[in-house]
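**Student:** Sharing protein.cif below, mmCIF, C-alpha atoms:
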```cif
data_run
loop_
_atom_site.label_atom_id
_atom_site.label_comp_id
_atom_site.auth_asym_id
_atom_site.auth_seq_id
_atom_site.Cartn_x
_atom_site.Cartn_y
_atom_site.Cartn_z
CA MET A 145 56.33 11.05 3.90
CA SER A 146 56.18 11.74 7.62
CA ALA A 147 53.56 14.46 7.11
CA GLN A 148 51.44 12.13 4.99
CA ALA A 149 51.72 9.40 7.59
CA ALA A 150 50.67 11.83 10.31
CA ALA A 151 47.63 12.86 8.24
CA ALA A 152 46.68 9.25 7.53
CA ALA A 153 46.88 8.20 11.19
CA PRO A 154 43.67 10.00 12.31
CA VAL A 155 41.84 8.50 9.33
CA ARG A 156 42.93 4.99 10.32
CA ARG A 157 42.01 5.64 13.96
CA ARG A 158 38.57 6.94 12.89
CA GLY A 159 38.04 3.79 10.81
CA LEU A 160 38.93 1.64 13.80
CA VAL A 161 36.48 3.57 15.97
CA LEU A 162 33.60 3.20 13.48
CA ARG A 163 34.27 -0.42 12.65
CA PRO A 164 32.52 -1.99 15.70
CA GLY A 165 29.37 0.02 15.03
CA THR A 166 29.42 -1.01 11.39
CA TRP A 167 29.75 -4.66 12.31
CA LEU A 168 26.92 -4.40 14.83
CA THR A 169 24.68 -2.77 12.19
CA TRP A 170 25.38 -5.47 9.65
CA ALA A 171 24.91 -8.17 12.28
CA ALA A 172 21.50 -6.76 13.26
CA LEU A 173 20.41 -6.51 9.61
CA THR A 174 21.62 -10.05 8.91
CA PHE A 175 19.77 -11.38 11.95
CA PHE A 176 16.57 -9.63 10.87
CA PHE A 177 16.66 -10.86 7.28
CA VAL A 178 17.62 -14.41 8.26
CA ASN A 179 14.63 -14.58 10.58
CA LEU A 180 12.35 -13.06 7.94
CA LEU A 181 13.50 -15.49 5.27
CA GLY A 182 13.18 -18.34 7.77
CA VAL A 183 9.54 -17.51 8.46
CA ILE A 184 8.74 -17.19 4.74
CA ALA A 185 10.60 -20.40 3.91
CA THR A 186 8.80 -22.30 6.67
CA VAL A 187 5.38 -21.28 5.37
CA LEU A 188 6.37 -22.00 1.77
CA VAL A 189 7.81 -25.44 2.55
CA ASN A 190 4.83 -26.40 4.72
CA SER A 191 2.41 -25.43 1.92
CA PHE A 192 4.00 -28.13 -0.28
CA GLY A 193 4.65 -30.74 2.41
CA ARG A 194 2.54 -33.84 3.03
CA SER A 195 3.37 -33.98 6.74
CA TRP A 196 6.04 -32.22 8.77
CA PHE A 197 6.72 -33.08 12.40
CA ASN A 198 10.17 -33.91 13.81
CA HIS A 199 12.35 -33.64 10.72
CA TRP A 200 14.15 -30.84 8.91
CA LEU A 201 11.96 -31.32 5.84
CA PRO A 202 8.48 -32.75 5.22
CA SER A 203 8.08 -36.45 4.61
CA GLY A 204 6.82 -35.83 1.07
CA TRP A 205 5.78 -33.15 -1.37
CA THR A 206 2.44 -32.32 -2.94
CA ARG A 207 0.56 -29.44 -4.53
CA HIS A 208 -2.93 -30.48 -3.53
CA TRP A 209 -3.01 -28.13 -0.53
CA TYR A 210 -3.40 -25.22 -2.94
CA GLY A 211 -6.40 -26.91 -4.54
CA ASP A 212 -7.84 -27.65 -1.10
CA ALA A 213 -7.40 -24.04 -0.04
CA TRP A 214 -8.97 -22.82 -3.29
CA ASN A 215 -12.07 -24.96 -2.73
CA GLU A 216 -12.32 -24.73 1.06
CA PHE A 217 -12.04 -20.95 1.27
CA ASP A 218 -13.70 -20.21 -2.09
CA LEU A 219 -10.64 -18.27 -3.17
CA GLY A 220 -11.98 -17.63 -6.66
CA ARG A 221 -14.80 -15.48 -5.28
CA VAL A 222 -12.51 -13.97 -2.62
CA LEU A 223 -9.92 -12.91 -5.18
CA TRP A 224 -12.60 -11.41 -7.40
CA THR A 225 -13.97 -9.47 -4.43
CA THR A 226 -10.46 -8.28 -3.58
CA VAL A 227 -9.85 -7.09 -7.14
CA GLU A 228 -13.27 -5.42 -7.30
CA VAL A 229 -12.81 -3.55 -4.03
CA THR A 230 -9.26 -2.54 -4.85
CA PHE A 231 -9.95 -1.12 -8.29
CA LEU A 232 -13.13 0.65 -7.18
CA VAL A 233 -11.16 2.36 -4.41
CA VAL A 234 -8.40 3.34 -6.85
CA ALA A 235 -10.84 4.73 -9.44
CA LEU A 236 -12.99 6.66 -6.97
CA SER A 237 -9.94 8.01 -5.14
CA LEU A 238 -8.50 9.43 -8.34
CA VAL A 239 -11.84 10.88 -9.49
CA LEU A 240 -12.47 12.61 -6.17
CA ALA A 241 -8.95 13.51 -5.09
CA VAL A 242 -7.47 14.95 -8.29
CA PRO A 243 -9.88 17.95 -8.38
CA ALA A 244 -9.30 18.46 -4.65
CA SER A 245 -5.55 18.38 -5.23
CA TYR A 246 -5.90 20.97 -7.99
CA ALA A 247 -7.89 23.26 -5.70
CA LEU A 248 -5.30 22.97 -2.93
CA ALA A 249 -2.42 23.57 -5.33
CA ARG A 250 -3.89 26.47 -7.30
CA ARG A 251 -6.37 28.27 -5.04
CA ASP A 252 -6.20 30.16 -1.76
CA PHE A 253 -9.46 30.12 0.18
CA PRO A 254 -10.62 30.48 3.79
CA GLY A 255 -10.09 27.29 5.77
CA LYS A 256 -7.46 25.86 3.41
CA ARG A 257 -5.05 25.10 6.26
CA LEU A 258 -7.81 23.46 8.30
CA LEU A 259 -8.84 21.34 5.30
CA THR A 260 -5.24 20.27 4.76
CA THR A 261 -5.00 19.24 8.42
CA LEU A 262 -8.18 17.18 8.09
CA PHE A 263 -6.69 15.39 5.09
CA VAL A 264 -3.58 14.55 7.13
CA LEU A 265 -5.48 12.92 10.01
CA PRO A 266 -6.57 9.66 8.26
CA ILE A 267 -2.96 9.13 7.18
CA LEU A 268 -1.37 9.76 10.58
CA VAL A 269 -4.03 8.20 12.83
CA PRO A 270 -4.05 4.36 12.97
CA PRO A 271 -7.01 2.97 10.99
CA ILE A 272 -8.39 1.08 13.98
CA ALA A 273 -8.79 4.39 15.88
CA TYR A 274 -11.38 5.76 13.46
CA GLY A 275 -12.39 2.43 11.93
CA ILE A 276 -14.65 1.40 14.82
CA PRO A 277 -16.82 4.58 14.84
CA LEU A 278 -16.79 4.58 11.03
CA ALA A 279 -18.02 0.98 10.96
CA THR A 280 -20.73 1.89 13.51
CA VAL A 281 -22.01 4.63 11.21
CA LEU A 282 -21.94 2.36 8.17
CA TYR A 283 -23.85 -0.37 10.02
CA LYS A 284 -26.40 2.21 11.16
CA PHE A 285 -27.12 3.13 7.54
CA HIS A 286 -27.05 -0.54 6.42
CA LEU A 287 -23.97 -0.04 4.25
CA ALA A 288 -21.52 -2.24 6.15
CA GLY A 289 -21.34 -5.90 5.31
CA SER A 290 -21.33 -5.18 1.58
CA ILE A 291 -18.78 -4.18 -1.03
CA THR A 292 -20.18 -0.64 -0.90
CA GLY A 293 -19.35 -0.35 2.79
CA VAL A 294 -15.85 -1.77 2.31
CA VAL A 295 -15.15 0.66 -0.53
CA LEU A 296 -16.47 3.66 1.44
CA ALA A 297 -14.34 2.74 4.46
CA ASN A 298 -11.18 2.36 2.36
CA LEU A 299 -11.80 5.70 0.66
CA VAL A 300 -11.27 7.51 3.98
CA PRO A 301 -7.46 7.06 4.00
CA SER A 302 -7.08 6.65 0.23
CA ILE A 303 -8.44 10.05 -0.85
CA PRO A 304 -6.08 12.02 1.44
CA PHE A 305 -3.23 9.80 0.29
CA VAL A 306 -3.93 10.68 -3.35
CA VAL A 307 -4.32 14.36 -2.46
CA PHE A 308 -0.88 14.54 -0.87
CA THR A 309 0.59 12.53 -3.73
CA MET A 310 -0.93 14.63 -6.51
CA THR A 311 -0.52 18.12 -5.05
CA PRO A 312 3.27 18.30 -5.71
CA PHE A 313 2.73 17.15 -9.29
CA ILE A 314 0.18 19.88 -9.89
CA GLU A 315 2.40 22.50 -8.27
CA GLN A 316 5.19 21.57 -10.68
CA ILE A 317 3.04 22.53 -13.67
CA ASP A 318 3.53 26.16 -14.66
CA PRO A 319 0.19 28.03 -14.37
CA LYS A 320 1.23 30.05 -17.44
CA ILE A 321 0.53 26.98 -19.57
CA GLU A 322 -3.11 27.00 -18.48
CA ALA A 323 -3.33 30.78 -18.90
CA ALA A 324 -1.97 30.56 -22.43
CA ALA A 325 -4.49 27.87 -23.34
CA ARG A 326 -7.36 30.00 -21.99
CA MET A 327 -6.13 33.01 -23.93
CA CYS A 328 -6.30 30.89 -27.09
CA GLY A 329 -9.97 30.17 -26.37
CA ALA A 330 -9.76 26.78 -24.64
CA SER A 331 -12.56 25.98 -22.24
CA THR A 332 -12.04 24.67 -18.72
CA TRP A 333 -12.86 21.12 -19.86
CA THR A 334 -10.42 21.40 -22.78
CA VAL A 335 -7.68 22.72 -20.51
CA PHE A 336 -8.20 19.82 -18.12
CA THR A 337 -8.47 17.05 -20.73
CA ARG A 338 -5.99 18.28 -23.36
CA ILE A 339 -3.44 20.23 -21.30
CA LEU A 340 -3.43 19.06 -17.68
CA SER A 341 -4.31 15.37 -18.03
CA PRO A 342 -1.18 14.38 -20.04
CA LEU A 343 0.98 16.28 -17.55
CA LEU A 344 -0.77 14.74 -14.55
CA LEU A 345 -0.69 11.18 -15.88
CA PRO A 346 2.63 10.20 -14.18
CA GLY A 347 1.34 11.46 -10.84
CA MET A 348 -2.02 9.72 -11.27
CA LEU A 349 -0.24 6.48 -12.18
CA ALA A 350 1.97 6.76 -9.09
CA ALA A 351 -0.95 7.54 -6.80
CA GLY A 352 -3.11 4.79 -8.30
CA ILE A 353 -0.47 2.09 -7.89
CA LEU A 354 0.28 3.11 -4.31
CA VAL A 355 -3.41 3.18 -3.39
CA LEU A 356 -3.81 -0.24 -5.02
CA VAL A 357 -1.04 -1.71 -2.87
CA ARG A 358 -2.38 0.02 0.24
CA THR A 359 -5.96 -1.14 -0.30
CA PHE A 360 -4.96 -4.71 -1.13
CA GLY A 361 -3.15 -4.95 2.20
CA MET A 362 -5.64 -2.93 4.28
CA PHE A 363 -6.90 -5.18 7.07
CA GLU A 364 -8.46 -3.09 9.83
CA LEU A 365 -11.06 -1.11 7.86
CA THR A 366 -11.96 -4.06 5.64
CA PHE A 367 -12.30 -6.42 8.59
CA LEU A 368 -14.59 -4.01 10.47
CA THR A 369 -16.91 -3.31 7.53
CA SER A 370 -16.96 -6.51 5.47
CA GLY A 371 -19.53 -9.28 5.48
CA PRO A 372 -19.55 -12.92 4.33
CA THR A 373 -19.68 -11.91 0.65
CA SER A 374 -17.40 -8.86 0.81
CA GLN A 375 -14.28 -10.16 2.54
CA THR A 376 -10.95 -9.59 0.84
CA LEU A 377 -8.10 -12.06 0.80
CA ILE A 378 -6.33 -10.70 3.88
CA VAL A 379 -9.54 -10.85 5.95
CA VAL A 380 -10.25 -14.42 4.84
CA LEU A 381 -6.68 -15.38 5.74
CA PHE A 382 -7.06 -13.86 9.20
CA SER A 383 -10.38 -15.63 9.72
CA ALA A 384 -8.90 -18.96 8.65
CA VAL A 385 -6.10 -18.64 11.20
CA ASN A 386 -8.17 -17.41 14.15
CA SER A 387 -11.73 -18.69 13.72
CA ALA A 388 -13.07 -21.79 15.45
CA GLY A 389 -12.79 -25.17 13.78
CA ILE A 390 -10.11 -27.58 12.64
CA ARG A 391 -8.25 -26.66 9.45
CA SER A 392 -5.11 -28.09 7.94
CA THR A 393 -2.18 -25.77 8.47
CA GLN A 394 -0.93 -26.61 4.99
CA SER A 395 -4.07 -25.16 3.37
CA VAL A 396 -3.80 -22.01 5.45
CA ASP A 397 -0.12 -21.70 4.57
CA ALA A 398 -0.98 -22.19 0.89
CA MET A 399 -3.38 -19.26 1.10
CA ALA A 400 -0.72 -17.22 2.91
CA VAL A 401 1.73 -17.97 0.10
CA LEU A 402 -0.80 -16.78 -2.47
CA TYR A 403 -1.35 -13.55 -0.54
CA THR A 404 2.38 -12.93 -0.03
CA ALA A 405 3.17 -13.63 -3.69
CA THR A 406 0.43 -11.24 -4.84
CA MET A 407 1.65 -8.51 -2.51
CA ALA A 408 5.23 -9.03 -3.67
CA VAL A 409 4.18 -8.65 -7.31
CA LEU A 410 2.24 -5.47 -6.52
CA LEU A 411 5.19 -4.01 -4.61
CA LEU A 412 7.57 -4.82 -7.45
CA VAL A 413 5.23 -3.12 -9.90
CA ALA A 414 4.96 -0.10 -7.61
CA LEU A 415 8.75 0.19 -7.27
CA ARG A 416 9.13 -0.27 -11.02
CA PHE A 417 6.79 2.55 -12.02
CA VAL A 418 6.84 4.83 -8.97
CA ASN A 419 9.86 6.87 -8.01
CA PRO A 420 9.44 7.78 -4.32
CA THR A 421 11.33 11.05 -4.81
CA GLN A 422 8.66 12.19 -7.27
CA LEU A 423 6.05 12.12 -4.53
CA VAL A 424 7.69 14.95 -2.62
CA ALA A 425 9.41 16.81 -5.44
CA ARG A 426 8.43 20.43 -5.84
CA GLN A 427 9.38 23.01 -8.37
CA SER A 428 12.32 25.06 -7.20
CA ASP A 429 11.96 28.83 -7.12
#
```
Can you present the structure in this file as structure tokens?
**Tutor:**
Amino acid sequence: MSAQAAAAAPVRRRGLVLRPGTWLTWAALTFFFVNLLGVIATVLVNSFGRSWFNHWLPSGWTRHWYGDAWNEFDLGRVLWTTVEVTFLVVALSLVLAVPASYALARRDFPGKRLLTTLFVLPILVPPIAYGIPLATVLYKFHLAGSITGVVLANLVPSIPFVVFTMTPFIEQIDPKIEAAARMCGASTWTVFTRILSPLLLPGMLAAGILVLVRTFGMFELTFLTSGPTSQTLIVVLFSAVNSAGIRSTQSVDAMAVLYTATMAVLLLVALRFVNPTQLVARQSD
């Protein structure tokens, strides 16, 4: 018993040493989440309140601020523009990036490392750093201010993102499967559509959902290249908060609630169908 007690003593002392750090960590996390929930709750409550000044809760409750925001900011058109831009970016990113991912995963060619580095830059560099010169070029060619310009700008970070998402999935597929199909007389198109596509579908789904979430929340590039008829929901929300004029805070908060709820749904869908470990998994030797 004395030997066991002597062995247990260092364990107890180690627990006492780590305990203050553990409490500080939990206290910091609790403080962060309480503040975050407080901000969200304040916006949510104000979007349903009639008036809210010097009391803990509004003087009354109403839902008409959502109708006011829908009509004042033309949210029907804005949401349609947001959906249009988002799905165009997702579709074009997959169409352009999947063949590029296949080339990077299966082929060795001069300049491959340089090309990979170029793909990394739009992901690592903040969008505002290259968004201003990119917007200048798009305005020069009369593409900015339209949905086309917004889509082109959002493709710059989205295509590299899909490339680095899809490349591990392609590397996990045994090249012998493709070789066997070619030996049986399958053409390149048949190999891609009948052999590779079913195997790549999980990766394409993961990349598409992540690009959808990223594009829906992309502010900098969309703000720099959008016009009056091509603004997405996040840009309209920013303009409503910062532009000149008098607007009811309840209507702005109602629009913020709509944006936050939509983003939350998209994130839940992404976490439901996308396993983050799959994005970096590679076939072991």
**Student:** Expand the PyMOL selection byres ((chain A and resi 383) around 12) into the individual residues it matches in the shown file, reporting them as a list in words.
**Tutor:** Phe217, Phe363, Phe367, Gly371, Pro372, Gln375, Thr376, Leu377, Ile378, Val379, Val380, Leu381, Phe382, Ala384, Val385, Asn386, Ser387, Ala388, Gly389, Arg391, Val396, Met399 and Ala400 of chain A
**Student:** Could you write out that same residue set with C-alpha atoms as a CSV table (one decimal), in the coordinates of the input?
**Tutor:**
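Okay, this is what ended up in part.csv:
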```
chain,number,residue,atom,x,y,z
A,217,PHE,CA,-12.0,-21.0,1.3
A,363,PHE,CA,-6.9,-5.2,7.1
A,367,PHE,CA,-12.3,-6.4,8.6
A,371,GLY,CA,-19.5,-9.3,5.5
A,372,PRO,CA,-19.6,-12.9,4.3
A,375,GLN,CA,-14.3,-10.2,2.5
A,376,THR,CA,-11.0,-9.6,0.8
A,377,LEU,CA,-8.1,-12.1,0.8
A,378,ILE,CA,-6.3,-10.7,3.9
A,379,VAL,CA,-9.5,-10.8,6.0
A,380,VAL,CA,-10.2,-14.4,4.8
A,381,LEU,CA,-6.7,-15.4,5.7
A,382,PHE,CA,-7.1,-13.9,9.2
A,384,ALA,CA,-8.9,-19.0,8.6
A,385,VAL,CA,-6.1,-18.6,11.2
A,386,ASN,CA,-8.2,-17.4,14.2
A,387,SER,CA,-11.7,-18.7,13.7
A,388,ALA,CA,-13.1,-21.8,15.4
A,389,GLY,CA,-12.8,-25.2,13.8
A,391,ARG,CA,-8.2,-26.7,9.4
A,396,VAL,CA,-3.8,-22.0,5.4
A,399,MET,CA,-3.4,-19.3,1.1
A,400,ALA,CA,-0.7,-17.2,2.9
```
**Student:** Please report the interatomic distance between CA of Val229 in chain A and CA of Thr309 in chain A in Å with one decimal.
**Tutor:**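 These atoms are spaced 20.9 Å apart.
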**Student:** Please write the residues picked by the PyMOL selection byres ((chain A and resi 260) around 12) on this file as a list in words.
**Tutor:**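 With the PyMOL selection byres ((chain A and resi 260) around 12) on this model, the match is Ala244, Ser245, Ala247, Leu248, Ala249, Asp252, Phe253, Pro254, Gly255, Lys256, Arg257, Leu258, Leu259, Thr261, Leu262, Phe263, Val264, Leu265, Pro266, Ile267, Pro304, Phe305, Val307, Phe308 and Thr311 of chain A.
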**Student:** Would you compute, for all listed atoms of range 168-173 of chain A, the axis-aligned bounding box grown by 6 Å on each side, and then report its centre and edge lengths in Å rounded to one decimal, as lines of an AutoDock Vina configuration file?
**Tutor:**
```
center_x = 23.7
center_y = -5.5
center_z = 12.2
size_x = 18.5
size_y = 17.4
size_z = 17.2
```
**Student:** Expressed in Å to a single decimal, how great is the separation between CA of Leu410 in chain A and CA of Glu228 in chain A?
**Tutor:** 15.5 Å
**Student:** Selection in question (the file shown): the PyMOL selection byres ((chain A and resi 401) around 12). Which residues does it include, as a PyMOL selection string?
**Tutor:** chain A and resi 183-192+209-210+213+377-378+381+394-400+402-408
**Student:** When you draw a straight line from CA of Ala297 in chain A to CA of Gly352 in chain A, how long is it in Å?
**Tutor:** 17.1 Å
**Student:** When distances are computed from all atoms listed in the file, which of A:Gly193, A:Leu365, A:Thr169, A:Thr332 shows the smallest separation from Leu282 in chain A?
**Tutor:**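 Checking each candidate against Leu282 in chain A, we get A:Leu365 as the closest.
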**Student:** Using only C-alpha atoms, can you tell me which of A:Leu368, A:Leu168, A:Val409, A:Ala235 comes closest to Ser290 in chain A?
**Tutor:**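 So, comparing all the options, the nearest one is A:Leu368.
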**Student:** Of the candidates A:Thr206, A:Thr166, A:Ser341, A:Thr369, which shows the shortest atom-to-atom distance to Ile276 in chain A, using all atoms listed in the file?
**Tutor:**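 The shortest atom-to-atom distance to Ile276 in chain A comes from A:Thr369.
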